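Asks: Supplied structure: entry16.cif, mmCIF, C-alpha atoms and all ligand atoms.
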```cif
data_query
#
loop_
_atom_site.group_PDB
_atom_site.id
_atom_site.type_symbol
_atom_site.label_atom_id
_atom_site.label_comp_id
_atom_site.auth_asym_id
_atom_site.auth_seq_id
_atom_site.Cartn_x
_atom_site.Cartn_y
_atom_site.Cartn_z
ATOM 1 C CA MET A 833 30.837 -16.670 -134.759
ATOM 2 C CA SER A 834 27.636 -18.482 -133.827
ATOM 3 C CA MET A 835 24.497 -18.404 -135.936
ATOM 4 C CA GLN A 836 22.875 -16.286 -133.266
ATOM 5 C CA ASN A 837 25.659 -13.682 -133.411
ATOM 6 C CA ARG A 838 25.636 -13.576 -137.202
ATOM 7 C CA SER A 839 21.955 -13.014 -137.215
ATOM 8 C CA ASN A 840 22.214 -10.283 -134.574
ATOM 9 C CA ARG A 841 24.957 -8.600 -136.544
ATOM 10 C CA ARG A 842 22.908 -8.696 -139.737
ATOM 11 C CA GLN A 843 19.923 -7.311 -137.892
ATOM 12 C CA PHE A 844 22.063 -4.566 -136.363
ATOM 13 C CA LEU A 845 23.482 -3.523 -139.722
ATOM 14 C CA LYS A 846 20.042 -3.503 -141.252
ATOM 15 C CA THR A 847 18.695 -1.370 -138.420
ATOM 16 C CA ALA A 848 21.648 1.002 -138.516
ATOM 17 C CA LEU A 849 21.426 1.457 -142.275
ATOM 18 C CA THR A 850 17.692 2.058 -142.096
ATOM 19 C CA ALA A 851 18.177 4.635 -139.369
ATOM 20 C CA ALA A 852 20.921 6.363 -141.321
ATOM 21 C CA GLY A 853 19.066 6.261 -144.605
ATOM 22 C CA GLY A 854 21.960 4.310 -146.054
ATOM 23 C CA VAL A 855 24.556 6.990 -145.358
ATOM 24 C CA ALA A 856 27.665 6.950 -143.201
ATOM 25 C CA LEU A 857 27.028 6.475 -139.512
ATOM 26 C CA LEU A 858 27.626 9.168 -136.974
ATOM 27 C CA GLY A 859 29.725 8.668 -133.893
ATOM 28 C CA SER A 860 29.218 5.470 -131.953
ATOM 29 C CA CYS A 861 26.983 2.914 -133.607
ATOM 30 C CA GLN A 862 25.726 2.068 -130.131
ATOM 31 C CA SER A 863 23.955 5.423 -129.954
ATOM 32 C CA TRP A 864 21.598 4.536 -132.789
ATOM 33 C CA GLY A 865 18.132 3.438 -131.807
ATOM 34 C CA SER A 866 15.765 1.271 -133.761
ATOM 35 C CA SER A 867 14.080 4.056 -135.725
ATOM 36 C CA PRO A 868 15.012 7.517 -137.014
ATOM 37 C CA THR A 869 12.740 9.223 -134.507
ATOM 38 C CA ASP A 870 14.303 7.811 -131.353
ATOM 39 C CA LYS A 871 17.952 7.931 -132.264
ATOM 40 C CA ARG A 872 20.058 10.092 -130.039
ATOM 41 C CA SER A 873 22.016 12.064 -132.594
ATOM 42 C CA ALA A 874 21.113 14.073 -135.702
ATOM 43 C CA ARG A 875 23.452 15.419 -138.353
ATOM 44 C CA TRP A 876 22.522 18.571 -140.274
ATOM 45 C CA ALA A 877 24.272 20.969 -142.651
ATOM 46 C CA PHE A 878 24.034 24.656 -141.729
ATOM 47 C CA MET A 879 24.717 27.321 -144.338
ATOM 48 C CA ALA A 880 24.135 31.052 -144.697
ATOM 49 C CA ASP A 881 24.556 33.877 -147.165
ATOM 50 C CA THR A 882 24.842 31.811 -150.309
ATOM 51 C CA HIS A 883 24.051 34.938 -152.413
ATOM 52 C CA ILE A 884 23.296 33.002 -155.593
ATOM 53 C CA PRO A 885 23.190 35.262 -158.678
ATOM 54 C CA ALA A 886 21.180 34.838 -161.874
ATOM 55 C CA ASP A 887 24.522 35.115 -163.727
ATOM 56 C CA PRO A 888 26.861 32.287 -162.615
ATOM 57 C CA GLU A 889 29.883 34.474 -163.447
ATOM 58 C CA ASN A 890 28.841 37.187 -160.994
ATOM 59 C CA ASN A 891 31.631 37.669 -158.439
ATOM 60 C CA TYR A 892 32.609 39.791 -155.459
ATOM 61 C CA ARG A 893 36.052 40.206 -153.852
ATOM 62 C CA GLY A 894 37.242 37.393 -156.104
ATOM 63 C CA PHE A 895 34.560 34.987 -154.866
ATOM 64 C CA TYR A 896 32.062 33.307 -157.167
ATOM 65 C CA PRO A 897 28.987 32.491 -155.014
ATOM 66 C CA TYR A 898 27.590 30.159 -157.693
ATOM 67 C CA ARG A 899 30.771 28.047 -157.795
ATOM 68 C CA ASN A 900 31.076 28.101 -154.014
ATOM 69 C CA LEU A 901 27.581 26.686 -153.496
ATOM 70 C CA GLU A 902 28.288 24.096 -156.144
ATOM 71 C CA GLN A 903 31.331 23.033 -154.131
ATOM 72 C CA VAL A 904 29.504 23.174 -150.781
ATOM 73 C CA VAL A 905 26.591 21.092 -152.065
ATOM 74 C CA GLY A 906 29.092 18.603 -153.491
ATOM 75 C CA GLN A 907 30.665 18.207 -150.057
ATOM 76 C CA VAL A 908 27.336 17.940 -148.249
ATOM 77 C CA ALA A 909 25.778 15.538 -150.759
ATOM 78 C CA ALA A 910 28.851 13.271 -150.756
ATOM 79 C CA ASP A 911 27.812 12.145 -147.270
ATOM 80 C CA PRO A 912 24.275 13.479 -146.918
ATOM 81 C CA PRO A 913 23.184 14.638 -143.481
ATOM 82 C CA GLU A 914 19.538 14.414 -142.441
ATOM 83 C CA GLY A 915 18.791 17.868 -143.779
ATOM 84 C CA ALA A 916 20.093 21.362 -144.397
ATOM 85 C CA ILE A 917 19.200 24.843 -143.217
ATOM 86 C CA ILE A 918 20.222 28.021 -145.005
ATOM 87 C CA ALA A 919 20.125 31.042 -142.692
ATOM 88 C CA GLY A 920 19.164 33.650 -145.245
ATOM 89 C CA ASP A 921 20.396 35.638 -148.196
ATOM 90 C CA LEU A 922 19.925 32.705 -150.513
ATOM 91 C CA ALA A 923 19.755 35.218 -153.396
ATOM 92 C CA ARG A 924 22.460 37.593 -154.625
ATOM 93 C CA LEU A 925 20.927 41.019 -153.803
ATOM 94 C CA GLU A 926 17.295 41.474 -154.846
ATOM 95 C CA GLY A 927 15.812 37.980 -154.706
ATOM 96 C CA LEU A 928 15.256 37.774 -158.464
ATOM 97 C CA PRO A 929 13.510 34.775 -160.063
ATOM 98 C CA GLY A 930 16.783 34.008 -161.901
ATOM 99 C CA ASP A 931 18.689 33.911 -158.583
ATOM 100 C CA TYR A 932 16.247 31.349 -157.184
ATOM 101 C CA ALA A 933 16.204 29.294 -160.376
ATOM 102 C CA ASN A 934 19.980 28.866 -160.006
ATOM 103 C CA ALA A 935 19.757 28.256 -156.247
ATOM 104 C CA ARG A 936 17.160 25.583 -156.821
ATOM 105 C CA LYS A 937 19.287 23.947 -159.493
ATOM 106 C CA LEU A 938 22.438 24.015 -157.321
ATOM 107 C CA LEU A 939 20.579 22.603 -154.296
ATOM 108 C CA THR A 940 18.900 19.779 -156.225
ATOM 109 C CA PRO A 941 21.410 17.087 -155.123
ATOM 110 C CA LEU A 942 20.251 17.868 -151.562
ATOM 111 C CA THR A 943 16.578 18.722 -152.047
ATOM 112 C CA GLU A 944 15.913 15.509 -153.958
ATOM 113 C CA LYS A 945 17.124 13.478 -150.955
ATOM 114 C CA ARG A 946 16.691 15.587 -147.843
ATOM 115 C CA PRO A 947 14.680 18.464 -146.393
ATOM 116 C CA VAL A 948 16.202 21.898 -147.011
ATOM 117 C CA CYS A 949 14.791 24.884 -145.064
ATOM 118 C CA VAL A 950 15.518 28.541 -145.736
ATOM 119 C CA ALA A 951 15.295 31.449 -143.269
ATOM 120 C CA LEU A 952 14.739 34.471 -145.496
ATOM 121 C CA GLY A 953 17.217 37.370 -145.317
ATOM 122 C CA ASN A 954 17.433 40.959 -146.460
ATOM 123 C CA HIS A 955 18.579 40.014 -149.964
ATOM 124 C CA ASP A 956 15.666 37.625 -150.462
ATOM 125 C CA ASN A 957 12.250 38.253 -151.979
ATOM 126 C CA ARG A 958 9.561 36.212 -150.236
ATOM 127 C CA GLU A 959 7.213 35.973 -153.193
ATOM 128 C CA ASN A 960 9.919 34.933 -155.655
ATOM 129 C CA PHE A 961 11.421 32.489 -153.163
ATOM 130 C CA LEU A 962 8.069 30.797 -152.467
ATOM 131 C CA ALA A 963 7.367 30.533 -156.194
ATOM 132 C CA ALA A 964 10.660 28.676 -156.751
ATOM 133 C CA PHE A 965 10.815 26.627 -153.548
ATOM 134 C CA THR A 966 7.462 24.945 -153.037
ATOM 135 C CA ASN A 967 8.710 22.398 -150.479
ATOM 136 C CA PRO A 968 9.354 24.149 -147.126
ATOM 137 C CA GLY A 969 11.415 21.188 -145.869
ATOM 138 C CA GLY A 970 9.378 20.936 -142.671
ATOM 139 C CA SER A 971 6.060 21.867 -141.162
ATOM 140 C CA GLN A 972 5.019 25.272 -142.517
ATOM 141 C CA GLN A 973 3.507 27.502 -139.810
ATOM 142 C CA ASP A 974 0.653 29.917 -140.255
ATOM 143 C CA VAL A 975 2.263 33.290 -139.474
ATOM 144 C CA ARG A 976 0.921 36.321 -141.315
ATOM 145 C CA GLY A 977 3.345 37.615 -143.966
ATOM 146 C CA LYS A 978 6.230 35.406 -142.861
ATOM 147 C CA HIS A 979 7.772 32.092 -143.961
ATOM 148 C CA VAL A 980 8.122 29.997 -140.790
ATOM 149 C CA VAL A 981 9.004 26.289 -140.710
ATOM 150 C CA VAL A 982 9.390 23.815 -137.851
ATOM 151 C CA VAL A 983 11.380 20.556 -138.113
ATOM 152 C CA ASP A 984 11.407 17.687 -135.645
ATOM 153 C CA ALA A 985 15.002 16.537 -136.078
ATOM 154 C CA GLY A 986 15.018 13.693 -133.547
ATOM 155 C CA PRO A 987 16.881 14.809 -130.410
ATOM 156 C CA VAL A 988 16.351 18.484 -131.252
ATOM 157 C CA GLN A 989 13.689 20.715 -132.720
ATOM 158 C CA LEU A 990 14.600 23.283 -135.383
ATOM 159 C CA VAL A 991 12.534 26.452 -135.781
ATOM 160 C CA VAL A 992 13.222 28.467 -138.934
ATOM 161 C CA LEU A 993 12.120 32.101 -138.673
ATOM 162 C CA ASP A 994 11.836 34.965 -141.163
ATOM 163 C CA SER A 995 13.577 38.308 -140.497
ATOM 164 C CA LEU A 996 13.154 39.737 -144.013
ATOM 165 C CA LEU A 997 11.784 43.274 -143.634
ATOM 166 C CA PHE A 998 12.566 45.057 -146.937
ATOM 167 C CA THR A 999 14.376 43.372 -149.815
ATOM 168 C CA ASN A 1000 17.856 44.829 -150.410
ATOM 169 C CA LYS A 1001 17.796 47.047 -147.295
ATOM 170 C CA VAL A 1002 20.059 45.906 -144.484
ATOM 171 C CA PRO A 1003 17.982 45.711 -141.249
ATOM 172 C CA GLY A 1004 15.678 42.868 -140.287
ATOM 173 C CA LEU A 1005 12.559 42.388 -138.190
ATOM 174 C CA LEU A 1006 10.712 39.344 -136.919
ATOM 175 C CA GLY A 1007 7.666 41.498 -136.276
ATOM 176 C CA GLN A 1008 4.895 41.244 -133.712
ATOM 177 C CA ALA A 1009 2.866 38.475 -135.363
ATOM 178 C CA GLN A 1010 5.901 36.192 -135.609
ATOM 179 C CA ARG A 1011 7.062 37.036 -132.070
ATOM 180 C CA ASN A 1012 3.604 36.247 -130.686
ATOM 181 C CA TRP A 1013 3.538 32.991 -132.642
ATOM 182 C CA LEU A 1014 7.020 32.090 -131.316
ATOM 183 C CA ARG A 1015 6.117 32.835 -127.690
ATOM 184 C CA GLN A 1016 3.014 30.660 -127.899
ATOM 185 C CA TYR A 1017 4.779 27.933 -129.828
ATOM 186 C CA LEU A 1018 7.597 27.677 -127.276
ATOM 187 C CA GLN A 1019 5.111 27.573 -124.393
ATOM 188 C CA ALA A 1020 3.036 24.851 -126.042
ATOM 189 C CA SER A 1021 5.888 22.712 -127.403
ATOM 190 C CA SER A 1022 7.647 19.889 -125.605
ATOM 191 C CA ASP A 1023 10.811 20.393 -123.594
ATOM 192 C CA LYS A 1024 12.849 19.065 -126.519
ATOM 193 C CA PRO A 1025 15.998 21.192 -127.031
ATOM 194 C CA THR A 1026 15.195 23.813 -129.641
ATOM 195 C CA MET A 1027 17.417 25.791 -132.003
ATOM 196 C CA LEU A 1028 16.078 28.941 -133.662
ATOM 197 C CA PHE A 1029 17.323 29.970 -137.105
ATOM 198 C CA PHE A 1030 16.976 33.380 -138.726
ATOM 199 C CA HIS A 1031 19.129 35.628 -140.894
ATOM 200 C CA HIS A 1032 19.967 38.767 -138.951
ATOM 201 C CA THR A 1033 22.630 39.417 -136.324
ATOM 202 C CA LEU A 1034 21.656 40.395 -132.779
ATOM 203 C CA GLY A 1035 23.622 43.621 -132.205
ATOM 204 C CA ASP A 1036 22.011 47.007 -131.643
ATOM 205 C CA GLY A 1037 23.146 48.542 -134.931
ATOM 206 C CA ASP A 1038 20.760 49.898 -137.546
ATOM 207 C CA GLY A 1039 21.482 46.906 -139.800
ATOM 208 C CA ASP A 1040 20.854 44.187 -137.184
ATOM 209 C CA LEU A 1041 17.651 42.428 -136.117
ATOM 210 C CA LEU A 1042 15.668 45.467 -134.974
ATOM 211 C CA ASP A 1043 13.520 43.493 -132.523
ATOM 212 C CA ALA A 1044 16.441 41.491 -131.068
ATOM 213 C CA PRO A 1045 15.740 42.717 -127.480
ATOM 214 C CA ARG A 1046 12.140 41.493 -127.803
ATOM 215 C CA LEU A 1047 13.401 38.154 -129.110
ATOM 216 C CA PHE A 1048 15.721 37.886 -126.078
ATOM 217 C CA ASP A 1049 12.696 38.601 -123.832
ATOM 218 C CA ILE A 1050 10.928 35.606 -125.413
ATOM 219 C CA VAL A 1051 13.769 33.074 -125.439
ATOM 220 C CA GLN A 1052 15.412 33.835 -122.094
ATOM 221 C CA PRO A 1053 12.505 32.377 -120.026
ATOM 222 C CA ALA A 1054 11.916 29.502 -122.490
ATOM 223 C CA PRO A 1055 14.172 26.737 -121.101
ATOM 224 C CA ASN A 1056 13.922 24.584 -124.235
ATOM 225 C CA VAL A 1057 15.660 27.255 -126.376
ATOM 226 C CA LYS A 1058 19.330 26.285 -126.461
ATOM 227 C CA ALA A 1059 20.788 28.122 -129.458
ATOM 228 C CA LEU A 1060 20.115 30.975 -131.877
ATOM 229 C CA VAL A 1061 21.708 30.461 -135.292
ATOM 230 C CA PHE A 1062 22.083 33.242 -137.865
ATOM 231 C CA GLY A 1063 24.175 34.659 -140.705
ATOM 232 C CA HIS A 1064 24.222 38.213 -142.139
ATOM 233 C CA SER A 1065 27.706 39.242 -140.893
ATOM 234 C CA HIS A 1066 29.577 36.775 -143.151
ATOM 235 C CA ALA A 1067 31.696 36.163 -140.038
ATOM 236 C CA TYR A 1068 31.931 32.845 -138.178
ATOM 237 C CA SER A 1069 31.655 33.217 -134.406
ATOM 238 C CA TYR A 1070 30.197 31.808 -131.193
ATOM 239 C CA GLY A 1071 28.711 33.792 -128.330
ATOM 240 C CA GLN A 1072 26.237 33.398 -125.497
ATOM 241 C CA PHE A 1073 23.235 35.135 -124.021
ATOM 242 C CA GLU A 1074 22.040 33.857 -120.618
ATOM 243 C CA GLY A 1075 23.476 30.431 -121.455
ATOM 244 C CA ILE A 1076 21.805 30.380 -124.895
ATOM 245 C CA HIS A 1077 24.418 29.792 -127.602
ATOM 246 C CA LEU A 1078 24.646 32.384 -130.379
ATOM 247 C CA ILE A 1079 26.053 30.774 -133.510
ATOM 248 C CA ASN A 1080 26.984 33.121 -136.354
ATOM 249 C CA LEU A 1081 27.465 30.944 -139.438
ATOM 250 C CA PRO A 1082 30.093 31.696 -142.084
ATOM 251 C CA ALA A 1083 28.875 32.818 -145.511
ATOM 252 C CA SER A 1084 29.134 30.333 -148.347
ATOM 253 C CA GLY A 1085 29.051 33.089 -151.007
ATOM 254 C CA TYR A 1086 31.918 35.400 -149.989
ATOM 255 C CA ASN A 1087 33.542 36.958 -146.928
ATOM 256 C CA PHE A 1088 34.022 40.638 -146.122
ATOM 257 C CA ASN A 1089 37.597 40.160 -144.902
ATOM 258 C CA ASP A 1090 40.355 37.618 -145.408
ATOM 259 C CA ALA A 1091 40.292 36.365 -141.806
ATOM 260 C CA GLN A 1092 36.886 34.749 -142.377
ATOM 261 C CA PRO A 1093 36.228 31.318 -143.847
ATOM 262 C CA VAL A 1094 33.766 30.824 -146.693
ATOM 263 C CA GLY A 1095 31.889 27.552 -146.397
ATOM 264 C CA TRP A 1096 29.409 25.702 -144.212
ATOM 265 C CA VAL A 1097 29.026 24.060 -140.820
ATOM 266 C CA GLU A 1098 28.300 20.391 -140.172
ATOM 267 C CA ALA A 1099 26.284 20.010 -136.973
ATOM 268 C CA GLN A 1100 26.107 16.792 -134.965
ATOM 269 C CA LEU A 1101 23.273 17.406 -132.527
ATOM 270 C CA THR A 1102 22.128 15.562 -129.418
ATOM 271 C CA ALA A 1103 19.734 16.286 -126.554
ATOM 272 C CA THR A 1104 22.603 17.698 -124.491
ATOM 273 C CA GLY A 1105 24.634 19.685 -127.020
ATOM 274 C CA GLY A 1106 26.428 19.487 -130.320
ATOM 275 C CA HIS A 1107 29.651 19.336 -132.264
ATOM 276 C CA PHE A 1108 30.006 21.943 -135.003
ATOM 277 C CA ILE A 1109 32.572 21.310 -137.728
ATOM 278 C CA CYS A 1110 33.626 24.158 -140.018
ATOM 279 C CA HIS A 1111 34.076 23.199 -143.665
ATOM 280 C CA ALA A 1112 35.860 26.040 -145.439
ATOM 281 C CA VAL A 1113 35.915 26.048 -149.252
ATOM 282 C CA GLY A 1114 37.486 29.501 -149.512
ATOM 283 C CA GLY A 1115 38.621 32.557 -147.599
ATOM 284 C CA ASN A 1116 40.471 31.575 -144.420
ATOM 285 C CA THR A 1117 40.753 27.832 -145.002
ATOM 286 C CA GLU A 1118 43.077 27.402 -142.015
ATOM 287 C CA ILE A 1119 40.075 26.678 -139.825
ATOM 288 C CA ASP A 1120 38.734 24.019 -142.172
ATOM 289 C CA GLY A 1121 37.891 21.007 -140.030
ATOM 290 C CA GLN A 1122 37.856 22.964 -136.772
ATOM 291 C CA VAL A 1123 35.352 21.511 -134.291
ATOM 292 C CA LYS A 1124 33.434 23.576 -131.747
ATOM 293 C CA THR A 1125 31.671 21.633 -128.991
ATOM 294 C CA LEU A 1126 28.721 23.169 -127.148
ATOM 295 C CA LYS A 1127 26.615 21.958 -124.225
ATOM 296 C CA TRP A 1128 23.012 23.085 -123.976
ATOM 297 C CA ARG A 1129 21.977 25.130 -120.942
ATOM 298 C CA THR A 1130 20.055 23.171 -118.290
HETATM 299 ZN ZN ZN B 1201 24.720 38.264 -146.836
#
```
What would the structure in this file look like if it were written as structure tokens?
Replies:
Amino acid sequence: MSMQNRSNRRQFLKTALTAAGGVALLGSCQSWGSSPTDKRSARWAFMADTHIPADPENNYRGFYPYRNLEQVVGQVAADPPEGAIIAGDLARLEGLPGDYANARKLLTPLTEKRPVCVALGNHDNRENFLAAFTNPGGSQQDVRGKHVVVVDAGPVQLVVLDSLLFTNKVPGLLGQAQRNWLRQYLQASSDKPTMLFFHHTLGDGDGDLLDAPRLFDIVQPAPNVKALVFGHSHAYSYGQFEGIHLINLPASGYNFNDAQPVGWVEAQLTATGGHFICHAVGGNTEIDGQVKTLKWRT
């Protein structure tokens, strides 16, 4: 190996490690650019329905949400991605200060290194959450009565919305102020592929996102919106609306039936799509490691 090659190799390693923040590299090393902002791939952890109780021994259907999040965070932090998003129901049922104190403690291995954003759900309490989690993990948006955060994640943009309507009642609502903000934001933002995160499912039941049809009216004509990501059902599934991917994340706290995994999803995101790897720590662990590959609509 010539001096020139050695020096190039050293420089490459240095650049790659800087870009990766010292963590394991994703995919082909060739895809990494010279700085974190222009690299072509981003790796994030997606979670939902952690349901962290004030009492660590609290359990449901044999699942201990406290222990499960401990295990999930251990897996995520062992090879830290660039950040994490939790799609709602961080707290057990009523969004108590003790729930959030435990959630904050369990998430510390991640929050001390990486941004962590939370889309509030129907078992969260906005005031208690904001008192415990003072770092929004991204750029906090000024939307009346709602906790909205935007993250520039390199090849993609992540928009974290708030569908909490009433704590400990099932349905959700984005509401007019947040919908108006979203419409304007999507019109004004770049054409960077955008994923929207919120808690509630998009069916027409009384416990779903009540303004889902109005959300569809906003995202359908916004070409940069590529995927809607949510929790609430505690069921892991993929669907589509007008070419927009609908990703229903598994719960990390507990499932409602044995066919469903309990865990999290590792997302490897690019400007043209993503790979989504299911990491199951409980429930149906047969799909642990399963990879779903999506292409963004054009
Ligand atoms: Zn839930």
Asks: Could you list, as number ranges by chain, every residue within 10 Å of Leu922 of chain A, counting only C-alpha atoms and ignoring same-chain residues fewer than 3 positions away?
Replies: A: 879-885, 918-919, 925, 927, 931-932, 935-936, 950-957, 961, 1084-1085
Asks: Taking only C-alpha atoms and all ligand atoms into account, list the residues no farther than 7 Å from ligand ZN 1201 (chain B), as a VMD selection string.
Replies: chain A and resid 881 883 921 1064 to 1066 1083
Asks: Report as a short mmCIF file (atom, residue, chain, number, x, y, z; two decimals) with C-alpha atoms, keeping the file's coordinate frame the residues that result from applying the PyMOL selection byres (((chain A and resi 1015) around 12) and not hetatm) to the structure here.
Replies:
```cif
data_model
loop_
_atom_site.label_atom_id
_atom_site.label_comp_id
_atom_site.auth_asym_id
_atom_site.auth_seq_id
_atom_site.Cartn_x
_atom_site.Cartn_y
_atom_site.Cartn_z
CA GLN A 1008 4.89 41.24 -133.71
CA ALA A 1009 2.87 38.48 -135.36
CA GLN A 1010 5.90 36.19 -135.61
CA ARG A 1011 7.06 37.04 -132.07
CA ASN A 1012 3.60 36.25 -130.69
CA TRP A 1013 3.54 32.99 -132.64
CA LEU A 1014 7.02 32.09 -131.32
CA GLN A 1016 3.01 30.66 -127.90
CA TYR A 1017 4.78 27.93 -129.83
CA LEU A 1018 7.60 27.68 -127.28
CA GLN A 1019 5.11 27.57 -124.39
CA ALA A 1020 3.04 24.85 -126.04
CA SER A 1021 5.89 22.71 -127.40
CA ARG A 1046 12.14 41.49 -127.80
CA LEU A 1047 13.40 38.15 -129.11
CA PHE A 1048 15.72 37.89 -126.08
CA ASP A 1049 12.70 38.60 -123.83
CA ILE A 1050 10.93 35.61 -125.41
CA VAL A 1051 13.77 33.07 -125.44
CA GLN A 1052 15.41 33.84 -122.09
CA PRO A 1053 12.50 32.38 -120.03
CA ALA A 1054 11.92 29.50 -122.49
CA ASN A 1056 13.92 24.58 -124.24
CA VAL A 1057 15.66 27.26 -126.38
#
```
Asks: Hey, can you check how far atom CA of Ile1076 of chain A sits from atom CA of Val982 of chain A?
Replies: 19.1 Å
Asks: Care to translate the PyMOL selection byres (((chain A and resi 1107-1109) around 10) and not hetatm) into actual residues of this file, as a PyMOL selection string?
Replies: chain A and resi 875-878+1079+1096-1102+1105-1106+1110-1112+1119-1127
Asks: If we count all atoms listed in the file and set the cut-off at 8 Å, which residues sit around Gly1114 of chain A, ignoring sequence neighbours fewer than 5 positions away in its own chain? Please answer as JSON, numbers by chain.
Replies: {"A": [900, 1093, 1094, 1095]}
Asks: Could you tell me how far atom CA of Val981 of chain A lies from atom CA of Leu993 of chain A, in Å and to one decimal?
Replies: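 Going from atom CA of Val981 of chain A over to atom CA of Leu993 of chain A covers 6.9 Å.
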Asks: Using only C-alpha atoms, find each residue of segment 1062-1089 of chain A with at least one atom at most 12 Å away from an atom of segment 1033-1045 of chain A; report its shortest atom-to-atom pair and that distance in Å (one decimal), sort the rows by chain and rising residue number, and return the result as JSON lines.
Replies:
```
{"residue": "A:Phe1062", "atom": "CA", "partner": "A:Thr1033", "partner_atom": "CA", "distance": 6.4}
{"residue": "A:Gly1063", "atom": "CA", "partner": "A:Thr1033", "partner_atom": "CA", "distance": 6.6}
{"residue": "A:His1064", "atom": "CA", "partner": "A:Thr1033", "partner_atom": "CA", "distance": 6.1}
{"residue": "A:Ser1065", "atom": "CA", "partner": "A:Thr1033", "partner_atom": "CA", "distance": 6.8}
{"residue": "A:His1066", "atom": "CA", "partner": "A:Thr1033", "partner_atom": "CA", "distance": 10.1}
{"residue": "A:Ala1067", "atom": "CA", "partner": "A:Thr1033", "partner_atom": "CA", "distance": 10.3}
{"residue": "A:Tyr1068", "atom": "CA", "partner": "A:Thr1033", "partner_atom": "CA", "distance": 11.5}
{"residue": "A:Ser1069", "atom": "CA", "partner": "A:Thr1033", "partner_atom": "CA", "distance": 11.1}
{"residue": "A:Tyr1070", "atom": "CA", "partner": "A:Thr1033", "partner_atom": "CA", "distance": 11.9}
{"residue": "A:Gly1071", "atom": "CA", "partner": "A:Leu1034", "partner_atom": "CA", "distance": 10.6}
{"residue": "A:Gln1072", "atom": "CA", "partner": "A:Leu1034", "partner_atom": "CA", "distance": 11.1}
{"residue": "A:Phe1073", "atom": "CA", "partner": "A:Leu1034", "partner_atom": "CA", "distance": 10.3}
{"residue": "A:Leu1078", "atom": "CA", "partner": "A:Leu1034", "partner_atom": "CA", "distance": 8.9}
{"residue": "A:Ile1079", "atom": "CA", "partner": "A:Thr1033", "partner_atom": "CA", "distance": 9.7}
{"residue": "A:Asn1080", "atom": "CA", "partner": "A:Thr1033", "partner_atom": "CA", "distance": 7.7}
{"residue": "A:Leu1081", "atom": "CA", "partner": "A:Thr1033", "partner_atom": "CA", "distance": 10.2}
```
Asks: Counting all atoms listed in the file, note down every residue that has an atom within 8 Å of the point (13.6, 41.3, -141.4) (file coordinates), as a PyMOL selection string.
Replies: chain A and resi 953-954+994-998+1003-1007+1031-1032+1041-1042
Asks: Grab all the atoms of segment 880-888 of chain A that the file lists, wrap them in a box along x, y and z, add 6 Å per side, and give me centre plus edge lengths in Å (one decimal) as AutoDock Vina command-line options.
Replies:
```
--center_x 24.0 --center_y 33.2 --center_z -154.2 --size_x 17.7 --size_y 16.2 --size_z 31.0
```
Asks: If you measure from atom CA of Glu889 of chain A to atom CA of Asn1087 of chain A, what distance in Å do you get, rounded to one decimal?
Replies: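 Rounded to one decimal, the two atoms are 17.1 Å apart.
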Asks: Applying 12 Å and only C-alpha atoms, which residues near Arg946 of chain A remain after dropping the ones on its own chain fewer than 3 positions away? List them as an NGL selection string.
Replies: :A and (853 or 855 or 875-877 or 908-909 or 911-917 or 939-943 or 949 or 967-970 or 985)
Asks: Choose the residue, out of A:Asp984, A:Pro929, A:Leu938, A:Pro947, that has the smallest atom-to-atom separation from Ala964 of chain A; count only C-alpha atoms.
Replies: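 With only C-alpha atoms as the atom set, the closest residue is A:Pro929.
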Asks: Which one is closest to Tyr898 of chain A: A:Ala874, A:Ala910, A:Arg924, A:Ala1103? Count all atoms listed in the file.
Replies: A:Arg924
Asks: Which residue is closest to Val1113 of chain A? Choose from A:Lys1058, A:His1077, A:Lys1024, A:Arg899 and count only C-alpha atoms.
Replies: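 Between A:Lys1058, A:His1077, A:Lys1024, A:Arg899, the residue approaching Val1113 of chain A most closely is A:Arg899.
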Asks: Skipping near chain neighbours, those fewer than 5 positions away, what residues fall within 12 Å of Asp1090 of chain A using all atoms listed in the file, listed as a compact mmCIF listing (two decimals) with C-alpha atoms, in the coordinates of the input?
Replies:
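Result file follows (result.txt):
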```txt
# COMPACT_ATOMS: atom_id res chain seq x y z
CA ARG A 893 36.05 40.21 -153.85
CA GLY A 894 37.24 37.39 -156.10
CA PHE A 895 34.56 34.99 -154.87
CA HIS A 1066 29.58 36.78 -143.15
CA ALA A 1067 31.70 36.16 -140.04
CA GLY A 1114 37.49 29.50 -149.51
CA GLY A 1115 38.62 32.56 -147.60
CA ASN A 1116 40.47 31.58 -144.42
CA THR A 1117 40.75 27.83 -145.00
CA GLU A 1118 43.08 27.40 -142.01
```
Asks: Which is closer to Leu990 of chain A than all the others in A:Val1061, A:Ala933, A:Leu928, A:Ala923, using all atoms listed in the file?
Replies: A:Val1061
Asks: With distances taken over only C-alpha atoms, which of A:Phe1029, A:Tyr892, A:Ala886, A:Lys1001 is nearest to Gln989 of chain A?
Replies: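 Residue with the minimum atom-to-atom distance to Gln989 of chain A: A:Phe1029.
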